[in-house]
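Data file: run_8.csv. Format and content: CSV, C-alpha atoms.
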chain,number,residue,atom,x,y,z
O,102,MET,CA,109.0,74.1,66.5
O,103,ASN,CA,106.2,75.9,64.7
O,104,LYS,CA,104.6,78.9,66.4
O,105,VAL,CA,103.8,80.0,70.0
O,106,ILE,CA,100.8,81.3,71.9
O,107,VAL,CA,101.4,83.8,74.7
O,108,PHE,CA,99.2,84.1,77.7
O,109,CYS,CA,99.7,87.6,79.4
O,110,ASN,CA,98.1,90.1,81.7
O,111,ASN,CA,100.4,93.1,81.6
O,112,ARG,CA,101.6,95.5,78.9
O,113,MET,CA,105.2,94.5,80.0
O,114,ALA,CA,104.7,91.6,77.5
O,115,ILE,CA,104.0,93.9,74.5
O,116,PRO,CA,107.6,94.4,73.3
O,117,ALA,CA,108.1,90.6,73.3
O,118,LEU,CA,104.8,90.1,71.5
O,119,GLN,CA,105.8,92.6,68.8
O,120,THR,CA,109.2,91.1,68.4
O,121,MET,CA,107.8,87.6,68.0
O,122,ALA,CA,105.1,88.8,65.6
O,123,GLN,CA,107.7,90.5,63.5
O,124,ASN,CA,109.7,87.3,63.3
O,125,GLY,CA,106.6,85.3,62.3
O,126,VAL,CA,106.4,83.0,65.3
O,127,LEU,CA,103.5,84.5,67.3
O,128,GLU,CA,100.3,82.6,66.6
O,129,GLY,CA,98.0,84.1,69.2
O,130,ILE,CA,97.6,86.1,72.5
O,131,GLY,CA,95.4,85.0,75.4
O,132,ILE,CA,94.3,87.7,77.8
O,133,PRO,CA,92.1,87.4,81.0
O,134,GLU,CA,88.6,88.5,80.0
O,135,THR,CA,88.6,91.2,82.7
O,136,ASN,CA,91.7,93.0,81.3
O,137,HIS,CA,90.0,95.2,78.8
O,138,GLU,CA,92.8,97.7,78.6
O,139,LEU,CA,95.4,95.2,77.6
O,140,GLU,CA,93.0,93.6,75.1
O,141,GLN,CA,92.4,96.9,73.4
O,142,GLU,CA,96.1,97.7,73.3
O,143,CYS,CA,96.9,94.4,71.7
O,144,ARG,CA,94.1,94.7,69.2
O,145,TYR,CA,95.5,98.1,68.2
O,146,PHE,CA,99.1,96.8,67.8
O,147,PHE,CA,98.1,93.6,65.9
O,148,GLU,CA,95.0,94.7,63.9
O,149,LYS,CA,96.8,94.3,60.6
O,150,SER,CA,98.5,91.0,61.5
O,151,THR,CA,97.3,87.4,61.5
O,152,VAL,CA,97.8,87.1,65.3
O,153,SER,CA,94.6,86.0,67.0
O,154,ILE,CA,93.6,87.6,70.3
O,155,ARG,CA,91.3,85.7,72.6
O,156,LYS,CA,89.7,86.5,75.9
O,157,LEU,CA,90.3,83.8,78.6
O,158,ALA,CA,87.9,82.8,81.4
O,159,ARG,CA,89.4,81.3,84.5
O,160,LYS,CA,86.6,78.7,84.9
O,161,THR,CA,87.0,77.4,81.3
O,162,LEU,CA,90.8,77.9,80.9
O,163,GLU,CA,91.5,74.2,80.5
O,164,GLU,CA,88.8,73.6,77.9
O,165,ASP,CA,89.4,76.8,76.0
O,166,THR,CA,93.2,76.1,75.9
O,167,LEU,CA,92.7,72.5,74.7
O,168,ASN,CA,90.4,73.7,71.9
O,169,TRP,CA,92.8,76.4,70.9
O,170,LEU,CA,95.8,74.0,70.7
O,171,GLU,CA,93.8,71.6,68.6
O,172,THR,CA,93.1,74.2,65.9
O,173,THR,CA,96.5,75.9,65.8
O,174,GLU,CA,100.1,75.4,64.6
O,175,ALA,CA,101.4,76.5,68.0
O,176,SER,CA,103.7,74.0,69.7
O,177,HIS,CA,104.3,75.9,73.0
O,178,ILE,CA,102.5,78.4,75.2
O,179,PHE,CA,104.6,81.2,76.8
O,180,LEU,CA,103.3,82.7,80.0
O,181,MET,CA,104.2,86.4,80.5
O,182,THR,CA,102.7,88.0,83.7
O,183,PHE,CA,99.8,85.5,83.5
O,184,PRO,CA,98.0,85.5,86.9
O,185,TRP,CA,96.3,82.0,86.9
O,186,LYS,CA,97.7,78.6,87.7
O,187,ILE,CA,97.6,76.3,84.7
O,188,PRO,CA,95.5,73.2,85.5
O,189,ALA,CA,97.5,70.0,86.2
O,190,GLN,CA,95.5,68.0,83.6
O,191,LEU,CA,96.6,70.5,80.9
O,192,LEU,CA,100.2,70.3,82.0
O,193,ALA,CA,100.0,66.5,81.9
O,194,ALA,CA,98.5,66.5,78.4
O,195,PHE,CA,101.3,68.9,77.1
O,196,PRO,CA,104.4,68.1,79.2
O,197,ASN,CA,107.1,70.8,79.0
O,198,ASN,CA,105.0,72.8,76.5
O,199,PHE,CA,104.1,75.6,79.0
O,200,LEU,CA,107.0,77.9,79.7
O,201,ASN,CA,106.9,80.8,82.1
O,202,PHE,CA,108.8,84.1,82.0
O,203,HIS,CA,109.3,84.9,85.7
O,204,TYR,CA,110.3,88.5,86.3
O,205,GLY,CA,112.7,87.7,89.1
O,206,LEU,CA,115.6,85.4,89.9
O,207,LEU,CA,114.6,81.8,90.9
O,208,PRO,CA,114.5,80.1,93.2
O,209,GLN,CA,115.2,82.9,95.7
O,210,MET,CA,112.5,85.2,94.4
O,211,ARG,CA,109.4,83.2,93.9
O,212,GLY,CA,106.0,84.8,94.2
O,213,VAL,CA,103.6,87.3,92.7
O,214,ASP,CA,105.6,90.5,92.4
O,215,PRO,CA,109.4,89.8,92.4
O,216,ILE,CA,110.0,93.3,91.0
O,217,PHE,CA,108.6,94.9,94.1
O,218,GLU,CA,110.4,92.5,96.4
O,219,SER,CA,113.8,92.9,94.7
O,220,ILE,CA,113.7,96.6,95.1
O,221,ARG,CA,112.2,96.7,98.6
O,222,ARG,CA,114.8,94.2,99.9
O,223,LYS,CA,117.6,96.2,98.3
O,224,CYS,CA,118.9,93.4,96.2
O,225,SER,CA,121.9,94.2,94.0
O,226,GLU,CA,120.5,92.4,91.0
O,227,THR,CA,117.4,90.7,89.6
O,228,GLY,CA,116.5,89.4,86.2
O,229,ILE,CA,114.2,87.2,84.2
O,230,THR,CA,114.0,83.4,84.7
O,231,ILE,CA,112.4,81.2,82.1
O,232,HIS,CA,111.2,77.9,83.5
O,233,ILE,CA,109.0,74.9,82.6
O,234,VAL,CA,105.6,75.2,84.2
O,235,THR,CA,104.8,72.5,86.8
O,236,PRO,CA,101.8,72.1,89.1
O,237,GLU,CA,103.9,73.8,91.9
O,238,ILE,CA,104.1,77.6,91.4
O,239,ASP,CA,107.5,78.9,90.2
O,240,LYS,CA,109.2,75.5,91.0
O,241,GLY,CA,109.7,74.2,87.4
O,242,PRO,CA,113.1,73.4,85.9
O,243,ILE,CA,115.0,76.5,84.7
O,244,LEU,CA,115.8,76.9,81.0
O,245,MET,CA,117.3,80.3,81.0
O,246,THR,CA,118.3,83.3,83.3
O,247,GLN,CA,119.5,86.7,82.5
O,248,LYS,CA,120.3,89.3,85.1
O,249,ILE,CA,119.7,93.1,85.6
O,250,SER,CA,121.7,95.2,88.0
O,251,LEU,CA,119.8,97.3,90.5
O,252,ASN,CA,120.9,100.7,91.9
O,253,LYS,CA,119.6,103.4,94.2
O,254,ASN,CA,117.7,105.1,91.4
O,255,THR,CA,115.7,102.0,90.3
O,256,THR,CA,111.9,102.4,90.7
O,257,HIS,CA,109.3,99.7,90.0
O,258,GLY,CA,108.4,101.5,86.8
O,259,VAL,CA,112.0,101.7,85.6
O,260,LEU,CA,112.6,98.1,86.3
O,261,CYS,CA,109.4,97.0,84.5
O,262,ASN,CA,110.6,98.8,81.4
O,263,GLN,CA,114.0,97.1,81.7
O,264,MET,CA,112.2,93.7,82.1
O,265,ALA,CA,110.0,94.4,79.1
O,266,ASN,CA,113.0,95.0,76.8
O,267,LEU,CA,114.9,92.0,78.2
O,268,ASN,CA,111.8,89.9,77.8
O,269,ALA,CA,111.7,90.6,74.1
O,270,GLN,CA,115.4,89.5,73.6
O,271,MET,CA,114.9,86.4,75.7
O,272,SER,CA,111.8,85.4,73.8
O,273,LEU,CA,113.8,85.1,70.6
O,274,GLN,CA,116.6,83.3,72.4
O,275,LEU,CA,114.1,80.7,73.7
O,276,ILE,CA,112.6,80.2,70.3
O,277,HIS,CA,116.1,79.6,68.9
O,278,LEU,CA,116.6,76.9,71.6
O,279,LEU,CA,113.3,75.3,70.9
O,280,ARG,CA,114.1,75.1,67.2
O,281,GLN,CA,117.2,73.2,68.1
O,282,SER,CA,115.5,70.9,70.5
O,283,PRO,CA,111.6,71.1,70.8
O,284,VAL,CA,111.8,69.3,74.2
O,285,LEU,CA,113.9,71.1,76.8
O,286,GLU,CA,114.5,69.5,80.2
O,287,GLY,CA,116.0,72.4,82.1
O,288,GLN,CA,117.9,72.5,85.5
O,289,GLN,CA,116.1,71.6,88.7
O,290,GLN,CA,115.8,74.4,91.3
O,291,SER,CA,117.6,74.3,94.6
O,292,GLU,CA,115.1,74.3,97.5
O,293,GLN,CA,117.9,75.3,99.8
O,294,ASP,CA,118.0,78.8,98.3
O,295,ALA,CA,114.2,79.1,97.7
O,296,ALA,CA,111.9,81.8,99.1
O,297,TYR,CA,108.3,82.6,98.2
O,298,TYR,CA,106.8,86.1,98.6
O,299,LYS,CA,103.0,86.7,98.7
O,300,ARG,CA,101.2,89.5,97.0
O,301,PRO,CA,102.1,92.8,98.8
O,302,GLY,CA,99.6,93.8,101.4
O,303,LEU,CA,98.9,97.0,103.2
O,304,ASN,CA,101.6,96.4,105.8
O,305,ASP,CA,104.1,95.7,103.1
O,306,VAL,CA,103.6,99.1,101.4
O,307,LYS,CA,103.4,101.2,104.6
O,308,ILE,CA,106.3,103.1,106.1
O,309,ASN,CA,107.1,102.3,109.7
O,310,TRP,CA,109.2,105.2,110.9
O,311,GLN,CA,109.9,103.5,114.2
O,312,THR,CA,111.6,100.4,112.7
O,313,MET,CA,112.7,101.3,109.2
O,314,ASP,CA,116.0,103.1,108.5
O,315,SER,CA,116.4,105.7,105.8
O,316,SER,CA,117.7,103.4,103.1
O,317,SER,CA,114.8,101.0,103.7
O,318,ILE,CA,112.3,103.8,103.4
O,319,ASP,CA,113.9,105.0,100.2
O,320,ALA,CA,113.8,101.4,98.8
O,321,LEU,CA,110.1,101.0,99.7
O,322,THR,CA,109.1,104.3,98.1
O,323,ARG,CA,111.0,103.2,94.9
O,324,ALA,CA,109.4,99.8,95.0
O,325,CYS,CA,105.9,101.5,95.2
O,326,ASN,CA,106.6,104.0,92.4
O,327,PRO,CA,104.4,104.2,90.4
O,328,TRP,CA,102.3,101.0,90.7
O,329,ASN,CA,101.0,101.8,94.2
O,330,LYS,CA,101.4,105.6,93.8
O,331,GLY,CA,103.9,105.5,96.5
O,332,ALA,CA,104.5,104.1,100.0
O,333,TYR,CA,101.8,104.9,102.6
O,334,THR,CA,102.3,107.1,105.6
O,335,SER,CA,99.9,109.3,107.6
O,336,TYR,CA,99.6,112.5,109.6
O,337,GLY,CA,97.0,112.1,112.3
O,338,HIS,CA,94.0,110.7,110.4
O,339,TRP,CA,95.1,112.0,107.0
O,340,ASN,CA,96.7,109.3,104.8
O,341,PHE,CA,99.0,110.1,101.8
O,342,ARG,CA,101.8,108.3,99.9
O,343,ILE,CA,105.4,109.1,99.3
O,344,LEU,CA,106.7,108.4,95.8
O,345,ALA,CA,110.3,109.7,96.1
O,346,VAL,CA,112.8,110.8,98.7
O,347,SER,CA,116.4,111.8,98.8
O,348,ASP,CA,119.1,111.5,101.5
O,349,ALA,CA,119.6,114.7,103.4
O,350,GLY,CA,122.5,113.4,105.4
O,351,GLU,CA,123.3,112.7,109.0
O,352,THR,CA,121.9,114.7,111.8
O,353,SER,CA,122.6,115.3,115.5
O,354,ASP,CA,118.9,115.9,116.0
O,355,THR,CA,117.5,113.7,118.8
O,356,SER,CA,113.9,113.9,117.6
O,357,SER,CA,111.8,110.8,117.4
O,358,PRO,CA,111.7,109.0,114.1
O,359,GLY,CA,109.1,110.5,111.8
O,360,THR,CA,109.5,114.0,113.2
O,361,ILE,CA,109.3,116.7,110.5
O,362,SER,CA,111.6,119.7,110.1
O,363,LYS,CA,112.0,122.4,107.5
O,364,GLY,CA,115.2,122.9,105.6
O,365,ASP,CA,116.8,126.2,104.8
O,366,ASP,CA,115.4,126.0,101.2
O,367,ASN,CA,111.8,125.2,102.5
O,368,THR,CA,112.3,121.5,101.9
O,369,LEU,CA,110.4,119.0,104.0
O,370,LEU,CA,112.7,116.7,106.0
O,371,VAL,CA,111.9,113.7,108.1
O,372,HIS,CA,114.1,112.3,110.9
O,373,CYS,CA,114.8,108.6,110.6
O,374,ILE,CA,115.8,105.9,113.1
O,375,ASP,CA,119.4,105.8,111.9
O,376,ASN,CA,119.9,109.5,112.7
O,377,ARG,CA,119.7,110.6,109.1
O,378,LYS,CA,117.1,112.8,107.5
O,379,LEU,CA,115.1,112.2,104.3
O,380,HIS,CA,114.0,115.0,102.0
O,381,ILE,CA,110.4,114.1,100.9
O,382,THR,CA,110.4,115.1,97.2
O,383,ILE,CA,107.2,113.8,95.7
O,384,ILE,CA,103.9,112.8,97.4
O,385,HIS,CA,100.5,111.6,96.3
O,386,SER,CA,97.2,112.3,98.1
O,387,ASP,CA,93.5,112.4,97.2
O,388,GLU,CA,94.2,116.0,96.2
O,389,GLY,CA,96.8,115.0,93.5
O,390,TYR,CA,100.6,114.8,93.1
O,391,PHE,CA,102.8,117.4,94.7
O,392,GLU,CA,106.3,118.3,95.7
O,393,GLY,CA,106.9,117.3,99.3
O,394,ASN,CA,107.1,120.8,100.8
O,395,LYS,CA,103.4,121.2,99.7
O,396,LEU,CA,102.7,119.4,102.9
O,397,PHE,CA,103.4,122.6,104.8
O,398,GLU,CA,100.5,124.2,103.0
O,399,PHE,CA,98.3,121.3,104.0
O,400,GLY,CA,98.8,122.1,107.6
O,401,ILE,CA,101.7,119.9,108.6
O,402,VAL,CA,104.1,121.9,110.8
O,403,PRO,CA,107.8,121.4,111.8
O,404,GLY,CA,108.0,119.4,115.0
O,405,SER,CA,105.0,117.2,114.3
O,406,ARG,CA,105.3,113.5,113.4
O,407,LEU,CA,104.3,111.2,110.7
O,408,ASN,CA,102.7,108.0,111.9

Target format structure tokens, applied to this file:
Amino acid sequence: MNKVIVFCNNRMAIPALQTMAQNGVLEGIGIPETNHELEQECRYFFEKSTVSIRKLARKTLEEDTLNWLETTEASHIFLMTFPWKIPAQLLAAFPNNFLNFHYGLLPQMRGVDPIFESIRRKCSETGITIHIVTPEIDKGPILMTQKISLNKNTTHGVLCNQMANLNAQMSLQLIHLLRQSPVLEGQQQSEQDAAYYKRPGLNDVKINWQTMDSSSIDALTRACNPWNKGAYTSYGHWNFRILAVSDAGETSDTSSPGTISKGDDNTLLVHCIDNRKLHITIIHSDEGYFEGNKLFEFGIVPGSRLN
């Protein structure tokens, strides 16, 4: 094995890029041409290195990649948060040379944002799965998996940071494997355990007080924090988002789910379908970020309901 090129679209890849550069194995970085922020950040970090940074266009991805591989020492391309499907002709020309770092456990967590889904679905663990890229998304043979435990304090942002650090470790481990054997076959995925999740839509990030229990609402707010600035809810025609909640315990209150009450310490509480109350601690609206009890100053009164 010589060097590698990394295609990425998220700063979560930066610790791995830095680690590989420090170890002299990073040849170049490919970034979608629309991601100006990541491009600038990478140019800042690697301005004094020999690492080349190229902007990639979706329409010419195959041609540009072929040209790059013909003029480089790189033997493999690592995909880290890369959003585009690699053309089948390119995969056929370089079999087993495209390796994807998937930020979720495969095959049970295929899809666009396994970090969001793992938290929202209250999984006890997640992790990074490295697999060979094939024409079918997230279905290639698995080369390596490492797990991360999830708890009730894990947010999307916290997990992204954990993934980034683990990503750096695994990149060197993969390079070590490739040095021992440049052609890795991997283990085929079991379709029996497979599930695919699409990109989260509006209904996926909105709290439904009538159907979701308190733990599900808590999980959703953490899964949306900070990337979506919280989980959507509304009061009348006013929409805002909840970034953090805490359990306020069981209640004998028979109010409908979504009903607001005020705690003794002026906290804003919401009744849930499982007869528990949630303390709304942090919200985001067009006006800014606030503590939950700020909602009382915005005109929400005890006894009213969130939609």

Between atom CA of Glu134 of chain O and atom CA of Cys109 of chain O, what is the distance in Å, rounded to a tenth? 11.2 Å

If we count only C-alpha atoms and set the cut-off at 12 Å, which residues sit around segment 146-148 of chain O, ignoring sequence neighbours fewer than 3 positions away in its own chain? Please answer as a count of residues only. 22

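Picture a line from atom CA of Leu162 of chain O to atom CA of Asn110 of chain O; it runs 14.2 Å.
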
Could you name the residues that touch Leu275 of chain O at 12 Å or less, counting all atoms listed in the file, but leaving out those on the same chain fewer than 4 positions away, as number ranges by chain? O: 102, 105, 117, 121, 126, 177-179, 200-202, 230-233, 243-247, 268-271, 279-285, 287

Considering only C-alpha atoms, return as a short mmCIF file (atom, residue, chain, number, x, y, z; two decimals) with C-alpha atoms, keeping the file's coordinate frame whatever protein or nucleic-acid residues lie within 12 Å of Thr161 of chain O, sequence-local ones (same chain, fewer than 4 positions apart) excluded.
data_model
loop_
_atom_site.label_atom_id
_atom_site.label_comp_id
_atom_site.auth_asym_id
_atom_site.auth_seq_id
_atom_site.Cartn_x
_atom_site.Cartn_y
_atom_site.Cartn_z
CA PRO O 133 92.10 87.40 81.00
CA GLU O 134 88.60 88.50 80.00
CA LYS O 156 89.70 86.50 75.90
CA LEU O 157 90.30 83.80 78.60
CA ASP O 165 89.40 76.80 76.00
CA THR O 166 93.20 76.10 75.90
CA LEU O 167 92.70 72.50 74.70
CA ASN O 168 90.40 73.70 71.90
CA TRP O 169 92.80 76.40 70.90
CA TRP O 185 96.30 82.00 86.90
CA ILE O 187 97.60 76.30 84.70
CA PRO O 188 95.50 73.20 85.50
CA LEU O 191 96.60 70.50 80.90
#

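Of the listed residues O:Asp365, O:Ile249, O:Gly337, O:Asp375, the one whose atoms come nearest to Gly350 of chain O is O:Asp375, with distances taken using only C-alpha atoms.
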
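The space separating atom CA of Cys224 of chain O from atom CA of Ile308 of chain O comes to 18.7 Å.
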
May I have the residues within 10 Å of segment 338-342 of chain O as a list in words, using all atoms listed in the file and disregarding those fewer than 2 positions away in the same chain? Val306, Lys307, Ile308, Thr322, Cys325, Asn326, Asn329, Lys330, Gly331, Ala332, Tyr333, Thr334, Ser335, Tyr336, Leu344, Ala345, Ile383, Ile384, His385, Ser386, Asp387, Glu388, Gly389, Tyr390, Leu407 and Asn408 of chain O

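Using only C-alpha atoms, the nearest neighbour of Phe199 of chain O within the list O:Val107, O:Glu171, O:Lys149, O:Lys160 is O:Val107.
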
Between segment 291-376 of chain O and segment 218-221 of chain O, at 6 Å or less, what are the per-residue closest atom pairs and their distances in Å? Count only C-alpha atoms, order by chain and rising residue number, and return it as CSV.
residue,atom,partner,partner_atom,distance
O:Ala320,CA,O:Arg221,CA,5.0
O:Leu321,CA,O:Arg221,CA,4.9
O:Ala324,CA,O:Ile220,CA,5.4

Any idea what's packed within 7 Å of Val346 of chain O, counting only C-alpha atoms, ignoring anything in its chain fewer than 6 positions away? Could you give it as a list of chain:residue names? O:Asp319, O:Leu379, O:His380, O:Ile381, O:Thr382

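Applying the 6 Å criterion to (113.9, 111.9, 110.6) in file coordinates and using all atoms listed in the file, one obtains the residues Pro358, Gly359, Thr360, Val371, His372, Cys373 and Lys378 of chain O.
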